[in-house]
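Contents: one structure, followed by commentary.
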Amino acid sequence: MALSTKRIERQESRFNELLQDQVRNEFTASQQYIAVAVWFDSEDLPRLAAHFYRQALEERNHAMMIVRFLMDNDIKPTIPATESVRNDFTETRELVALALEQEREVTEEITTLAKAARDEGNYIGEQFVQWFLKEQVEEVSQMSTLLTVVDRAKGNMFEVENFLAREGVGEHGEDPTAPPAAGGAV
């Protein structure tokens, strides 16, 4: 009996469509974090800038994890254009509040993905999404804490910079349980 080398054609599903959409959502989040980081960089706030440059890479890596998952499951990924990002800001709180809202939106998107996988009986997809759910708890908590620190600093951005330096927020290193990213994580 000869083994077939033909790739399995996967049926379209709501879960797969939502995954494709999530690639765009993650890339858009990455671009938004770059815009935030650049604003902080131009305001000579290097710790805040570095924090959001790291966040941008993390979001890019999330998109590439989804791309890798799609390829590994014989689903052709499409790399979309990103949505528009905001570049006009006036003060630090506004940027951190935007980041927190963005993380809450991503949490809703990932929850919708998990529900779609479960509703379709896609246990592999559901298992894949579990890591992202765990990640979103961390992301929302981190941004919520940062917003609290910004509020408590009452405009003294050196206090916020010192907090980031002291606490190493976002510098937790690689997670060995993270799904692989297409091309490798950066």
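Residue names in the structure tokens use chain letters A, B, ... in the order shown, residue numbers from 1 in each chain, and ligand numbers from 1 in the order shown.
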Show me, as a VMD selection string, the residues that have an atom within 12 Å of Glu120 in chain A when counting only C-alpha atoms, minus same-chain residues fewer than 4 positions from it. chain A and resid 11 to 16 113 to 116 124 to 126
Store the residues of this selection in a file with N, CA, C and O atoms, as an mmCIF file, in the first residue's frame.
data_model
loop_
_atom_site.group_PDB
_atom_site.id
_atom_site.type_symbol
_atom_site.label_atom_id
_atom_site.label_comp_id
_atom_site.auth_asym_id
_atom_site.auth_seq_id
_atom_site.Cartn_x
_atom_site.Cartn_y
_atom_site.Cartn_z
ATOM 1 N N GLN A 11 -11.830 21.502 5.929
ATOM 2 C CA GLN A 11 -13.066 22.221 5.728
ATOM 3 C C GLN A 11 -12.948 23.601 6.352
ATOM 4 O O GLN A 11 -12.292 23.776 7.377
ATOM 5 N N GLU A 12 -13.621 24.538 5.716
ATOM 6 C CA GLU A 12 -13.680 25.856 6.325
ATOM 7 C C GLU A 12 -14.537 25.753 7.578
ATOM 8 O O GLU A 12 -15.501 25.009 7.620
ATOM 9 N N SER A 13 -14.157 26.481 8.579
ATOM 10 C CA SER A 13 -14.917 26.491 9.819
ATOM 11 C C SER A 13 -14.867 27.894 10.391
ATOM 12 O O SER A 13 -13.999 28.694 10.032
ATOM 13 N N ARG A 14 -15.774 28.159 11.270
ATOM 14 C CA ARG A 14 -15.786 29.472 11.933
ATOM 15 C C ARG A 14 -14.482 29.663 12.702
ATOM 16 O O ARG A 14 -13.893 30.745 12.682
ATOM 17 N N PHE A 15 -14.022 28.606 13.382
ATOM 18 C CA PHE A 15 -12.774 28.686 14.131
ATOM 19 C C PHE A 15 -11.619 29.072 13.212
ATOM 20 O O PHE A 15 -10.840 29.979 13.535
ATOM 21 N N ASN A 16 -11.496 28.410 12.068
ATOM 22 C CA ASN A 16 -10.401 28.728 11.146
ATOM 23 C C ASN A 16 -10.501 30.154 10.615
ATOM 24 O O ASN A 16 -9.491 30.835 10.470
ATOM 25 N N LEU A 113 -12.554 32.745 20.081
ATOM 26 C CA LEU A 113 -11.863 31.649 19.407
ATOM 27 C C LEU A 113 -12.028 30.339 20.179
ATOM 28 O O LEU A 113 -12.314 29.285 19.589
ATOM 29 N N ALA A 114 -11.839 30.385 21.485
ATOM 30 C CA ALA A 114 -11.960 29.185 22.313
ATOM 31 C C ALA A 114 -13.378 28.624 22.239
ATOM 32 O O ALA A 114 -13.569 27.409 22.121
ATOM 33 N N LYS A 115 -14.352 29.511 22.288
ATOM 34 C CA LYS A 115 -15.749 29.070 22.208
ATOM 35 C C LYS A 115 -16.032 28.439 20.854
ATOM 36 O O LYS A 115 -16.674 27.389 20.779
ATOM 37 N N ALA A 116 -15.537 29.032 19.776
ATOM 38 C CA ALA A 116 -15.765 28.476 18.436
ATOM 39 C C ALA A 116 -15.136 27.093 18.313
ATOM 40 O O ALA A 116 -15.745 26.165 17.759
ATOM 41 N N ILE A 124 -8.110 20.098 19.113
ATOM 42 C CA ILE A 124 -6.751 20.578 18.856
ATOM 43 C C ILE A 124 -6.738 22.102 18.867
ATOM 44 O O ILE A 124 -5.863 22.720 19.482
ATOM 45 N N GLY A 125 -7.705 22.714 18.225
ATOM 46 C CA GLY A 125 -7.806 24.173 18.227
ATOM 47 C C GLY A 125 -8.062 24.725 19.613
ATOM 48 O O GLY A 125 -7.482 25.731 20.023
ATOM 49 N N GLU A 126 -8.921 24.043 20.356
ATOM 50 C CA GLU A 126 -9.216 24.488 21.718
ATOM 51 C C GLU A 126 -7.962 24.434 22.591
ATOM 52 O O GLU A 126 -7.681 25.356 23.353
#
Residue contacts of Gln32 in chain A (9 Å, only C-alpha atoms) excluding same-chain residues fewer than 2 positions away, as a ChimeraX atom specification: /A:27-30,34-37,56,84-87,99
Go through A:Tyr33, A:Thr107, A:Gln130, A:Val67 and flag the residue nearest Leu48 in chain A, using only C-alpha atoms for the distances. A:Tyr33
Between A:Asn61, A:Gln55, A:Asn25, A:Gln102, smallest distance to Ala182 in chain A by only C-alpha atoms belongs to A:Asn61
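Closest to Val140 in chain A among A:Val96, A:Pro176, A:Asn162, A:Lys76 is A:Val96, based on only C-alpha atoms.
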Atom-to-atom span, CA of Glu135 in chain A and CA of Asp41 in chain A, Å: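 We find that CA of Glu135 in chain A and CA of Asp41 in chain A lie 26.0 Å from each other.
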Could you write out, as a ChimeraX atom specification, all the residues of range 6-141 of chain A that DSSP marks as alpha helix (DSSP H)? /A:14-42,46-72,92-119,123-141
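The nearest approach to Glu108 in chain A among the residues A:Leu133, A:Phe163, A:Gly183, A:Tyr123, with only C-alpha atoms taken into account, belongs to A:Leu133.
The smallest atom-to-atom distance between Thr78 in chain A and any of A:Asp21, A:Glu91, A:Glu105, A:Asp44, using only C-alpha atoms, is found for A:Asp21.
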Near Ala81 in chain A, within 7 Å and counting only C-alpha atoms, which residues show up once chain neighbours fewer than 2 positions away are dropped, as number ranges by chain? A: 24, 79, 83
Hey, which of A:Phe158, A:Phe69, A:Phe132, A:Phe52 ends up closest to Gln20 in chain A? Count only C-alpha atoms.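 Counting only C-alpha atoms, the residue closest to Gln20 in chain A is A:Phe69.
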Between CA of Thr148 in chain A and CA of Val106 in chain A, what is the distance in Å, rounded to a tenth?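 A separation of 20.2 Å between them.
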